[in-house]
file query_19.txt (compact mmCIF, C-alpha atoms and all ligand atoms)
# COMPACT_ATOMS: atom_id res chain seq x y z
CA MET E 1 -74.55 92.30 -91.47
CA PRO E 2 -72.50 94.38 -89.04
CA VAL E 3 -69.68 94.64 -91.60
CA GLU E 4 -69.40 93.46 -95.12
CA LEU E 5 -67.03 93.76 -98.05
CA ARG E 6 -68.42 93.32 -101.53
CA GLY E 7 -66.03 92.91 -104.41
CA ALA E 8 -63.59 95.14 -102.57
CA ARG E 9 -60.54 96.23 -104.53
CA VAL E 10 -57.72 98.38 -103.21
CA GLU E 11 -54.98 99.87 -105.35
CA PHE E 12 -51.96 101.76 -104.15
CA GLY E 13 -49.60 104.01 -106.04
CA GLY E 14 -50.30 105.79 -109.29
CA GLY E 15 -50.66 109.53 -109.60
CA LEU E 16 -47.82 111.83 -110.49
CA PHE E 17 -45.16 110.39 -108.18
CA GLY E 18 -46.82 107.23 -106.97
CA GLY E 19 -45.22 104.84 -109.42
CA PRO E 20 -47.23 102.12 -111.09
CA ARG E 21 -50.56 101.27 -109.52
CA LYS E 22 -50.58 98.01 -107.66
CA ALA E 23 -53.62 96.06 -106.51
CA ALA E 24 -53.31 95.02 -102.87
CA LEU E 25 -56.81 93.52 -102.78
CA VAL E 26 -58.82 92.13 -105.65
CA GLY E 27 -62.55 91.46 -105.52
CA VAL E 28 -62.78 90.42 -101.88
CA ASP E 29 -66.16 89.43 -100.43
CA LEU E 30 -66.51 89.02 -96.69
CA ALA E 31 -69.69 89.03 -94.67
CA LEU E 32 -70.34 88.56 -90.99
CA PRO E 33 -73.86 87.37 -90.29
CA ALA E 34 -75.75 89.50 -87.80
CA GLU E 35 -77.72 86.60 -86.31
CA GLU E 36 -74.99 84.27 -85.08
CA PRO E 37 -71.46 85.13 -84.07
CA ARG E 38 -68.78 83.63 -86.30
CA ILE E 39 -65.04 83.32 -86.11
CA ILE E 40 -63.52 83.84 -89.51
CA ALA E 41 -59.80 83.41 -90.03
CA VAL E 42 -58.06 85.15 -92.90
CA VAL E 43 -54.80 83.37 -93.66
CA GLY E 44 -52.07 84.55 -95.98
CA GLU E 45 -48.37 85.15 -96.14
CA SER E 46 -46.77 88.56 -95.70
CA GLY E 47 -47.83 90.98 -98.43
CA SER E 48 -50.97 89.04 -99.34
CA GLY E 49 -53.23 91.96 -98.37
CA LYS E 50 -54.31 91.05 -94.84
CA THR E 51 -53.65 94.43 -93.23
CA THR E 52 -55.25 96.18 -96.18
CA LEU E 53 -58.35 94.07 -95.54
CA THR E 54 -58.20 94.98 -91.82
CA ARG E 55 -58.03 98.67 -92.67
CA LEU E 56 -61.04 98.36 -94.95
CA LEU E 57 -63.09 96.66 -92.25
CA LEU E 58 -62.11 99.38 -89.77
CA GLY E 59 -62.98 102.18 -92.15
CA LEU E 60 -59.38 103.42 -92.22
CA LEU E 61 -59.19 103.00 -95.96
CA ARG E 62 -61.70 103.30 -98.78
CA PRO E 63 -61.96 100.63 -101.44
CA THR E 64 -60.83 101.73 -104.90
CA ALA E 65 -63.77 99.72 -106.23
CA GLY E 66 -66.50 97.64 -104.63
CA SER E 67 -68.02 98.34 -101.22
CA ALA E 68 -67.23 98.33 -97.53
CA LEU E 69 -70.52 98.37 -95.65
CA TRP E 70 -71.80 98.67 -92.11
CA ARG E 71 -75.42 97.66 -91.69
CA GLY E 72 -75.79 97.93 -95.44
CA ARG E 73 -74.36 101.44 -95.70
CA GLU E 74 -71.07 102.55 -97.19
CA LEU E 75 -68.59 103.24 -94.42
CA SER E 76 -67.42 106.36 -96.24
CA SER E 77 -70.95 107.79 -96.08
CA LEU E 78 -71.32 107.47 -92.30
CA GLY E 79 -71.24 110.66 -90.31
CA GLY E 80 -71.53 111.82 -86.72
CA GLU E 81 -73.43 109.45 -84.51
CA ASP E 82 -73.46 106.61 -87.06
CA TRP E 83 -69.72 106.75 -87.43
CA ARG E 84 -69.33 106.65 -83.66
CA ALA E 85 -71.75 103.71 -83.37
CA TYR E 86 -69.80 101.84 -86.03
CA ARG E 87 -66.49 102.68 -84.33
CA ARG E 88 -67.78 101.09 -81.17
CA GLU E 89 -69.37 98.09 -82.83
CA VAL E 90 -66.27 97.10 -84.75
CA GLN E 91 -63.16 96.98 -82.56
CA ALA E 92 -59.58 96.28 -83.49
CA VAL E 93 -56.76 94.35 -81.88
CA PHE E 94 -53.50 95.11 -83.64
CA GLN E 95 -50.27 93.25 -84.02
CA ASP E 96 -48.14 95.67 -82.06
CA PRO E 97 -49.83 96.61 -78.83
CA PHE E 98 -47.07 99.08 -77.98
CA GLY E 99 -47.93 101.08 -81.07
CA SER E 100 -51.53 101.32 -79.90
CA PHE E 101 -50.70 102.78 -76.52
CA ASN E 102 -49.84 106.36 -75.85
CA PRO E 103 -46.53 106.07 -73.98
CA VAL E 104 -47.05 109.19 -71.83
CA TYR E 105 -50.32 108.04 -70.27
CA ARG E 106 -50.86 105.42 -67.67
CA VAL E 107 -52.70 102.33 -68.82
CA ASP E 108 -55.96 103.19 -67.04
CA ARG E 109 -56.45 106.17 -69.35
CA MET E 110 -56.53 103.85 -72.32
CA LEU E 111 -59.59 102.22 -70.77
CA VAL E 112 -61.25 105.23 -69.16
CA LEU E 113 -61.21 107.48 -72.22
CA PRO E 114 -62.99 105.14 -74.65
CA ALA E 115 -65.54 104.25 -71.96
CA LEU E 116 -66.43 107.96 -71.87
CA THR E 117 -66.12 108.63 -75.60
CA PHE E 118 -68.40 105.77 -76.52
CA GLY E 119 -70.93 106.55 -73.83
CA LEU E 120 -70.51 103.36 -71.82
CA ALA E 121 -70.03 105.41 -68.70
CA ARG E 122 -71.81 108.61 -67.76
CA ASP E 123 -68.97 110.12 -65.82
CA GLU E 124 -65.34 109.65 -64.90
CA GLN E 125 -66.22 107.63 -61.83
CA GLU E 126 -68.31 105.13 -63.79
CA ALA E 127 -65.60 104.94 -66.44
CA ARG E 128 -63.02 104.17 -63.75
CA ALA E 129 -65.22 101.43 -62.38
CA LEU E 130 -65.46 99.84 -65.83
CA ALA E 131 -61.72 100.21 -66.39
CA THR E 132 -61.04 98.48 -63.10
CA THR E 133 -63.06 95.40 -63.99
CA ALA E 134 -61.74 95.09 -67.57
CA PRO E 135 -58.30 93.51 -66.94
CA ALA E 136 -59.80 90.57 -65.05
CA ALA E 137 -61.55 89.46 -68.24
CA VAL E 138 -58.16 88.63 -69.73
CA GLY E 139 -56.61 87.20 -66.61
CA LEU E 140 -54.79 90.33 -65.44
CA ARG E 141 -54.98 91.93 -62.02
CA PRO E 142 -56.00 95.58 -62.09
CA ALA E 143 -53.39 96.34 -59.41
CA ASP E 144 -50.62 94.98 -61.66
CA THR E 145 -51.61 96.94 -64.72
CA LEU E 146 -53.82 100.02 -64.41
CA GLY E 147 -51.51 102.50 -62.70
CA ARG E 148 -48.53 101.59 -64.86
CA PHE E 149 -47.07 103.07 -68.00
CA PRO E 150 -47.12 100.94 -71.16
CA HIS E 151 -43.35 100.35 -71.10
CA GLN E 152 -43.65 98.89 -67.60
CA LEU E 153 -45.76 96.03 -68.91
CA SER E 154 -44.69 92.96 -70.84
CA GLY E 155 -45.70 92.51 -74.49
CA GLY E 156 -48.11 89.79 -73.42
CA GLN E 157 -49.74 92.05 -70.81
CA ARG E 158 -50.10 94.87 -73.33
CA GLN E 159 -51.70 92.56 -75.86
CA ARG E 160 -54.11 91.21 -73.26
CA LEU E 161 -55.06 94.76 -72.32
CA MET E 162 -55.77 95.54 -75.96
CA VAL E 163 -58.19 92.63 -75.97
CA ALA E 164 -59.70 93.75 -72.65
CA ARG E 165 -60.18 97.27 -73.97
CA ALA E 166 -61.83 96.07 -77.16
CA VAL E 167 -64.20 93.73 -75.33
CA MET E 168 -65.03 96.34 -72.67
CA LEU E 169 -66.59 98.48 -75.40
CA ARG E 170 -69.14 95.74 -76.08
CA PRO E 171 -68.61 95.56 -79.83
CA ARG E 172 -70.33 93.15 -82.22
CA VAL E 173 -67.16 92.43 -84.14
CA LEU E 174 -63.48 92.18 -83.27
CA VAL E 175 -60.91 92.46 -86.01
CA ALA E 176 -57.59 91.07 -84.83
CA ASP E 177 -54.69 91.55 -87.24
CA GLU E 178 -51.87 89.17 -86.28
CA PRO E 179 -52.72 89.66 -82.60
CA VAL E 180 -50.03 87.33 -81.29
CA SER E 181 -47.22 87.58 -83.82
CA MET E 182 -45.23 90.00 -81.64
CA VAL E 183 -45.78 88.04 -78.46
CA ASP E 184 -43.47 85.32 -77.10
CA ALA E 185 -44.30 81.92 -78.52
CA SER E 186 -44.89 80.61 -75.01
CA LEU E 187 -47.76 83.07 -74.49
CA ARG E 188 -49.45 82.83 -77.88
CA ALA E 189 -51.74 79.92 -77.15
CA ALA E 190 -52.93 81.45 -73.86
CA ILE E 191 -53.69 84.83 -75.43
CA LEU E 192 -55.47 83.28 -78.39
CA GLU E 193 -57.44 81.10 -76.07
CA SER E 194 -58.61 84.07 -74.03
CA LEU E 195 -59.50 85.90 -77.25
CA TRP E 196 -61.51 82.90 -78.39
CA GLN E 197 -63.23 82.48 -75.04
CA LEU E 198 -64.11 86.17 -74.69
CA THR E 199 -65.59 86.37 -78.16
CA ARG E 200 -67.64 83.25 -77.47
CA GLU E 201 -68.83 84.47 -74.08
CA ALA E 202 -69.72 87.92 -75.33
CA GLY E 203 -71.31 86.56 -78.51
CA LEU E 204 -69.01 88.54 -80.80
CA SER E 205 -67.86 87.80 -84.26
CA LEU E 206 -64.11 87.67 -84.72
CA VAL E 207 -62.08 88.22 -87.84
CA TYR E 208 -58.76 86.62 -86.96
CA ILE E 209 -56.06 87.63 -89.39
CA THR E 210 -52.89 85.59 -89.42
CA HIS E 211 -50.08 84.08 -91.46
CA ASP E 212 -50.44 80.93 -89.38
CA LEU E 213 -52.80 78.29 -90.69
CA ALA E 214 -52.44 76.16 -87.55
CA THR E 215 -53.89 78.78 -85.18
CA ALA E 216 -56.49 79.70 -87.79
CA TYR E 217 -57.69 76.12 -87.78
CA ALA E 218 -57.60 75.99 -83.98
CA ILE E 219 -59.94 78.91 -83.43
CA ALA E 220 -61.99 79.56 -86.57
CA ASP E 221 -65.33 78.34 -87.86
CA GLU E 222 -64.45 79.45 -91.35
CA ILE E 223 -61.13 79.99 -93.13
CA LEU E 224 -60.31 82.30 -96.03
CA VAL E 225 -56.97 81.83 -97.72
CA MET E 226 -55.49 84.91 -99.37
CA ARG E 227 -52.79 85.12 -101.97
CA HIS E 228 -51.65 88.25 -103.81
CA GLY E 229 -54.71 90.14 -102.62
CA GLU E 230 -57.17 87.51 -103.71
CA VAL E 231 -59.21 85.01 -101.71
CA VAL E 232 -58.19 81.73 -103.33
CA GLU E 233 -60.04 79.42 -100.97
CA ARG E 234 -62.77 79.71 -98.37
CA GLY E 235 -64.98 77.41 -96.39
CA ASP E 236 -65.64 75.63 -93.16
CA ALA E 237 -62.33 75.35 -91.25
CA VAL E 238 -62.40 71.57 -91.03
CA ALA E 239 -63.29 71.19 -94.70
CA VAL E 240 -60.56 73.57 -95.86
CA ILE E 241 -57.91 71.62 -93.96
CA ARG E 242 -59.21 68.17 -94.85
CA ARG E 243 -60.19 68.85 -98.44
CA PRO E 244 -58.38 71.92 -99.73
CA SER E 245 -59.37 72.74 -103.28
CA HIS E 246 -56.63 75.23 -104.20
CA PRO E 247 -53.02 74.10 -104.76
CA TYR E 248 -51.80 77.03 -102.67
CA THR E 249 -53.83 75.85 -99.67
CA ARG E 250 -52.32 72.39 -100.13
CA GLU E 251 -48.86 73.95 -100.05
CA LEU E 252 -49.67 75.75 -96.81
CA ILE E 253 -50.98 72.56 -95.25
CA ALA E 254 -47.91 70.60 -96.35
CA ALA E 255 -45.71 73.25 -94.70
CA LEU E 256 -47.46 73.00 -91.33
CA PRO E 257 -45.30 71.74 -88.49
CA PRO E 258 -46.55 68.57 -86.86
CA PRO E 259 -49.00 69.28 -84.03
CA ASP E 260 -47.21 70.16 -80.82
CA PRO E 261 -48.46 67.74 -78.17
CA THR E 262 -47.25 70.07 -75.39
CA VAL E 263 -49.70 72.78 -76.41
CA ASP E 264 -53.18 72.29 -75.11
CA TRP E 265 -55.39 74.71 -76.98
CA GLY E 266 -58.32 73.98 -74.73
CA LEU E 267 -60.61 74.59 -77.67
CA GLU E 268 -63.20 72.19 -78.93
CA LYS E 269 -63.09 71.75 -82.66
CA ALA E 270 -66.27 70.27 -84.03
CA GLU E 271 -65.61 67.15 -86.05
CA GLU E 272 -67.76 66.48 -89.05
N1 LIG U 1 -50.02 102.35 -97.84
C1 LIG U 1 -49.52 101.58 -98.82
N2 LIG U 1 -48.96 102.12 -99.92
C2 LIG U 1 -48.46 101.35 -100.91
N3 LIG U 1 -48.51 100.00 -100.90
C3 LIG U 1 -49.06 99.40 -99.84
C4 LIG U 1 -49.60 100.15 -98.74
N4 LIG U 1 -50.09 99.28 -97.81
C5 LIG U 1 -49.86 98.05 -98.33
N5 LIG U 1 -49.25 98.11 -99.53
C6 LIG U 1 -48.88 96.97 -100.38
O1 LIG U 1 -50.02 96.15 -100.51
C7 LIG U 1 -49.67 94.77 -100.42
C8 LIG U 1 -50.42 94.12 -99.27
O2 LIG U 1 -49.93 94.65 -98.06
P1 LIG U 1 -50.58 94.27 -96.64
O3 LIG U 1 -52.05 94.44 -96.72
O4 LIG U 1 -49.86 95.02 -95.60
O5 LIG U 1 -50.23 92.70 -96.55
P2 LIG U 1 -50.08 91.75 -95.27
O6 LIG U 1 -50.72 92.41 -94.11
O7 LIG U 1 -50.74 90.47 -95.69
O8 LIG U 1 -48.61 91.55 -95.07
C9 LIG U 1 -48.17 94.72 -100.27
O9 LIG U 1 -47.61 94.55 -101.56
C10 LIG U 1 -47.84 96.08 -99.72
O10 LIG U 1 -46.54 96.47 -100.11
MG MG U 2 -50.13 92.74 -92.16
call {"tool": "encode", "arguments": {"input": "query_19.txt", "output": "structure tokens"}}
result
Amino acid sequence: MPVELRGARVEFGGGLFGGPRKAALVGVDLALPAEEPRIIAVVGESGSGKTTLTRLLLGLLRPTAGSALWRGRELSSLGGEDWRAYRREVQAVFQDPFGSFNPVYRVDRMLVLPALTFGLARDEQEARALATTAPAAVGLRPADTLGRFPHQLSGGQRQRLMVARAVMLRPRVLVADEPVSMVDASLRAAILESLWQLTREAGLSLVYITHDLATAYAIADEILVMRHGEVVERGDAVAVIRRPSHPYTRELIAALPPPDPTVDWGLEKAEE
């Protein structure tokens, strides 16, 4: 298992000035098989604990109880080289790509630096070569993006570059927390499609975190439904939509807009 959560619980607050303790995650299990890449969607409304789950998977937060593991070892116990290997193997795509860019550096630096840090390139020249090929993977032209500053790009371009950067590092797992919620509706399907295609081509697992059950169904093999920090339903994507077992999942399905015939997802969804 590249990454795994076992009975993970996260509480915030408490202490002298922290106010009452509040559980943001309760007993969450999540495992990505090492053998075959999977796309797992985590669906839940705002405040259900999705970003807390993301931060656990990325080692940015420690569980209050339970475990967050990488290759069977507690993330909090990893040091030095292991931590670096894990940081490369598990890559993030965040909701707000602007927040992930350093505004004073040109875009190419965002690609060149990690290529060096994670040892994908031996020197600056090799790193530049990698950085130059990365944008094409997400349908961007290097000439239109690399020499620019983040504010000179559109939100859609920035989000695509985040995906390009993550994939360039040859991870095993991508964790994408609401990757298209800040992007114009007209671009969402295209960006999700390129995310889906890249993960498939590169044989990565994807944890796609979203409040949107429709896109979860469109791209995922497996769906987890979260409510108040708890996974209330999980299973094969088709089964969850066709035969939801939890009343909350049924509510979410009932609230789905009718399929938009003008959007061609270009994704095959296996029928049972
Ligand atoms: N750093 C924090 N300190 C205190 N409470 C937090 C913190 N981060 C998240 N929470 C709380 O935990 C719950 C889950 O938040 P979050 O994981 O961000 O949900 P989502 O991403 O699904 O909107 C919310 O009630 C939120 O207010
Ligand atoms: Mg969130």
call {"tool": "residues_around", "arguments": {"input": "query_19.txt", "residues": "Ala202 (chain E)", "least_positions_apart": "2", "cutoff": "9 Å", "atoms": "only C-alpha atoms", "output": "PDB file with C-alpha atoms, in the frame of the given file"}}
result
ATOM      1  CA  VAL E 167     -64.200  93.730 -75.330  1.00  0.00           C
ATOM      2  CA  ARG E 170     -69.140  95.740 -76.080  1.00  0.00           C
ATOM      3  CA  PRO E 171     -68.610  95.560 -79.830  1.00  0.00           C
ATOM      4  CA  ARG E 172     -70.330  93.150 -82.220  1.00  0.00           C
ATOM      5  CA  GLN E 197     -63.230  82.480 -75.040  1.00  0.00           C
ATOM      6  CA  LEU E 198     -64.110  86.170 -74.690  1.00  0.00           C
ATOM      7  CA  THR E 199     -65.590  86.370 -78.160  1.00  0.00           C
ATOM      8  CA  ARG E 200     -67.640  83.250 -77.470  1.00  0.00           C
ATOM      9  CA  LEU E 204     -69.010  88.540 -80.800  1.00  0.00           C
TER      10      LEU E 204
END
call {"tool": "residues_near_ligand", "arguments": {"input": "query_19.txt", "ligand": "ligand MG 2 (chain U)", "cutoff": "12 Å", "atoms": "only C-alpha atoms and all ligand atoms", "output": "ChimeraX atom specification"}}
result
/E:24,42-55,94-96,176-179,181-182,208-211,226,229
call {"tool": "closest_residue", "arguments": {"input": "query_19.txt", "among": "E:Arg242, E:Arg250, E:Arg73, E:Arg62", "to": "ligand LIG 1 (chain U)", "atoms": "all atoms listed in the file"}}
result
E:Arg62
call {"tool": "atom_distance", "arguments": {"input": "query_19.txt", "atom1": "CA of Met110 (chain E)", "atom2": "CA of Trp83 (chain E)"}}
result
20.3 Å
call {"tool": "closest_residue", "arguments": {"input": "query_19.txt", "among": "E:Glu201, E:Glu251, E:Asp108, E:Asp29", "to": "Ala137 (chain E)", "atoms": "only C-alpha atoms"}}
result
E:Glu201
call {"tool": "residues_around", "arguments": {"input": "query_19.txt", "residues": "His151 (chain E)", "least_positions_apart": "6", "cutoff": "10 Å", "atoms": "all atoms listed in the file", "output": "list in words"}}
result
Phe98, Phe101, Pro103, Val104, Arg106, Val107 and Arg158 of chain E
call {"tool": "atom_distance", "arguments": {"input": "query_19.txt", "atom1": "CA of Gln157 (chain E)", "atom2": "CA of Leu213 (chain E)"}}
result
24.4 Å
call {"tool": "residues_near_point", "arguments": {"input": "query_19.txt", "point": "(-66.0, 81.6, -87.7)", "cutoff": "7 Å", "atoms": "all atoms listed in the file", "output": "number ranges by chain"}}
result
E: 38-41, 220-222
call {"tool": "residues_around", "arguments": {"input": "query_19.txt", "residues": "region 20-23 of chain E", "least_positions_apart": "3", "cutoff": "6 Å", "atoms": "all atoms listed in the file", "output": "list in words"}}
result
Val10, Glu11, Phe12, Gly13 and Gly14 of chain E
call {"tool": "atom_distance", "arguments": {"input": "query_19.txt", "atom1": "CA of Ala34 (chain E)", "atom2": "CA of Pro2 (chain E)"}}
result
6.0 Å
call {"tool": "residues_around", "arguments": {"input": "query_19.txt", "residues": "Ile241 (chain E)", "least_positions_apart": "6", "cutoff": "10 Å", "atoms": "only C-alpha atoms", "output": "MDAnalysis selection string"}}
result
chainID E and resid 213:214 217 223 235 249:250 252:253
call {"tool": "write_last_selection", "arguments": {"input": "query_19.txt", "atoms": "C-alpha atoms", "output": "PDB file, in the frame of the given file"}}
result
ATOM      1  CA  LEU E 213     -52.800  78.290 -90.690  1.00  0.00           C
ATOM      2  CA  ALA E 214     -52.440  76.160 -87.550  1.00  0.00           C
ATOM      3  CA  TYR E 217     -57.690  76.120 -87.780  1.00  0.00           C
ATOM      4  CA  ILE E 223     -61.130  79.990 -93.130  1.00  0.00           C
ATOM      5  CA  GLY E 235     -64.980  77.410 -96.390  1.00  0.00           C
ATOM      6  CA  THR E 249     -53.830  75.850 -99.670  1.00  0.00           C
ATOM      7  CA  ARG E 250     -52.320  72.390-100.130  1.00  0.00           C
ATOM      8  CA  LEU E 252     -49.670  75.750 -96.810  1.00  0.00           C
ATOM      9  CA  ILE E 253     -50.980  72.560 -95.250  1.00  0.00           C
TER      10      ILE E 253
END
call {"tool": "axis_aligned_box", "arguments": {"input": "query_19.txt", "around": "region 159-168 of chain E", "padding_each_side": "3 Å", "output": "AutoDock Vina command-line options"}}
result
--center_x -58.4 --center_y 94.2 --center_z -74.7 --size_x 19.3 --size_y 12.1 --size_z 10.8
call {"tool": "closest_residue", "arguments": {"input": "query_19.txt", "among": "E:Leu78, E:Val238, E:Leu60, E:Val3", "to": "ligand LIG 1 (chain U)", "atoms": "all atoms listed in the file"}}
result
E:Leu60
call {"tool": "residues_around", "arguments": {"input": "query_19.txt", "residues": "Leu111 (chain E)", "least_positions_apart": "3", "cutoff": "7 Å", "atoms": "only C-alpha atoms", "output": "PDB file with C-alpha atoms, in the frame of the given file"}}
result
ATOM      1  CA  ASP E 108     -55.960 103.190 -67.040  1.00  0.00           C
ATOM      2  CA  PRO E 114     -62.990 105.140 -74.650  1.00  0.00           C
ATOM      3  CA  ALA E 115     -65.540 104.250 -71.960  1.00  0.00           C
ATOM      4  CA  ALA E 131     -61.720 100.210 -66.390  1.00  0.00           C
ATOM      5  CA  ARG E 165     -60.180  97.270 -73.970  1.00  0.00           C
TER       6      ARG E 165
END
call {"tool": "decode", "arguments": {"input": "query_19.txt", "residues": "region 25-36 of chain E", "atoms": "N, CA and C atoms", "output": "mmCIF file, in the first residue's frame"}}
result
data_model
loop_
_atom_site.group_PDB
_atom_site.id
_atom_site.type_symbol
_atom_site.label_atom_id
_atom_site.label_comp_id
_atom_site.auth_asym_id
_atom_site.auth_seq_id
_atom_site.Cartn_x
_atom_site.Cartn_y
_atom_site.Cartn_z
ATOM 1 N N LEU E 25 -12.599 14.108 11.706
ATOM 2 C CA LEU E 25 -12.604 12.792 11.040
ATOM 3 C C LEU E 25 -12.784 11.729 12.110
ATOM 4 N N VAL E 26 -13.578 10.732 11.768
ATOM 5 C CA VAL E 26 -13.882 9.683 12.740
ATOM 6 C C VAL E 26 -13.673 8.312 12.099
ATOM 7 N N GLY E 27 -12.683 7.602 12.568
ATOM 8 C CA GLY E 27 -12.505 6.200 12.153
ATOM 9 C C GLY E 27 -12.470 5.965 10.655
ATOM 10 N N VAL E 28 -11.662 6.726 9.933
ATOM 11 C CA VAL E 28 -11.638 6.578 8.472
ATOM 12 C C VAL E 28 -10.580 5.557 8.028
ATOM 13 N N ASP E 29 -11.016 4.606 7.222
ATOM 14 C CA ASP E 29 -10.114 3.634 6.601
ATOM 15 C C ASP E 29 -10.041 3.940 5.113
ATOM 16 N N LEU E 30 -8.835 3.971 4.591
ATOM 17 C CA LEU E 30 -8.669 4.206 3.154
ATOM 18 C C LEU E 30 -7.369 3.540 2.735
ATOM 19 N N ALA E 31 -7.454 2.682 1.735
ATOM 20 C CA ALA E 31 -6.238 1.995 1.301
ATOM 21 C C ALA E 31 -6.152 2.026 -0.206
ATOM 22 N N LEU E 32 -4.955 2.310 -0.704
ATOM 23 C CA LEU E 32 -4.721 2.256 -2.141
ATOM 24 C C LEU E 32 -3.874 1.026 -2.420
ATOM 25 N N PRO E 33 -4.378 0.106 -3.210
ATOM 26 C CA PRO E 33 -3.596 -1.092 -3.475
ATOM 27 C C PRO E 33 -2.329 -0.759 -4.252
ATOM 28 N N ALA E 34 -1.248 -1.448 -3.933
ATOM 29 C CA ALA E 34 0.007 -1.177 -4.619
ATOM 30 C C ALA E 34 0.013 -1.782 -6.017
ATOM 31 N N GLU E 35 -0.706 -2.898 -6.193
ATOM 32 C CA GLU E 35 -0.601 -3.667 -7.444
ATOM 33 C C GLU E 35 -1.262 -2.960 -8.610
ATOM 34 N N GLU E 36 -2.508 -2.500 -8.427
ATOM 35 C CA GLU E 36 -3.198 -1.911 -9.575
ATOM 36 C C GLU E 36 -3.626 -0.501 -9.212
#
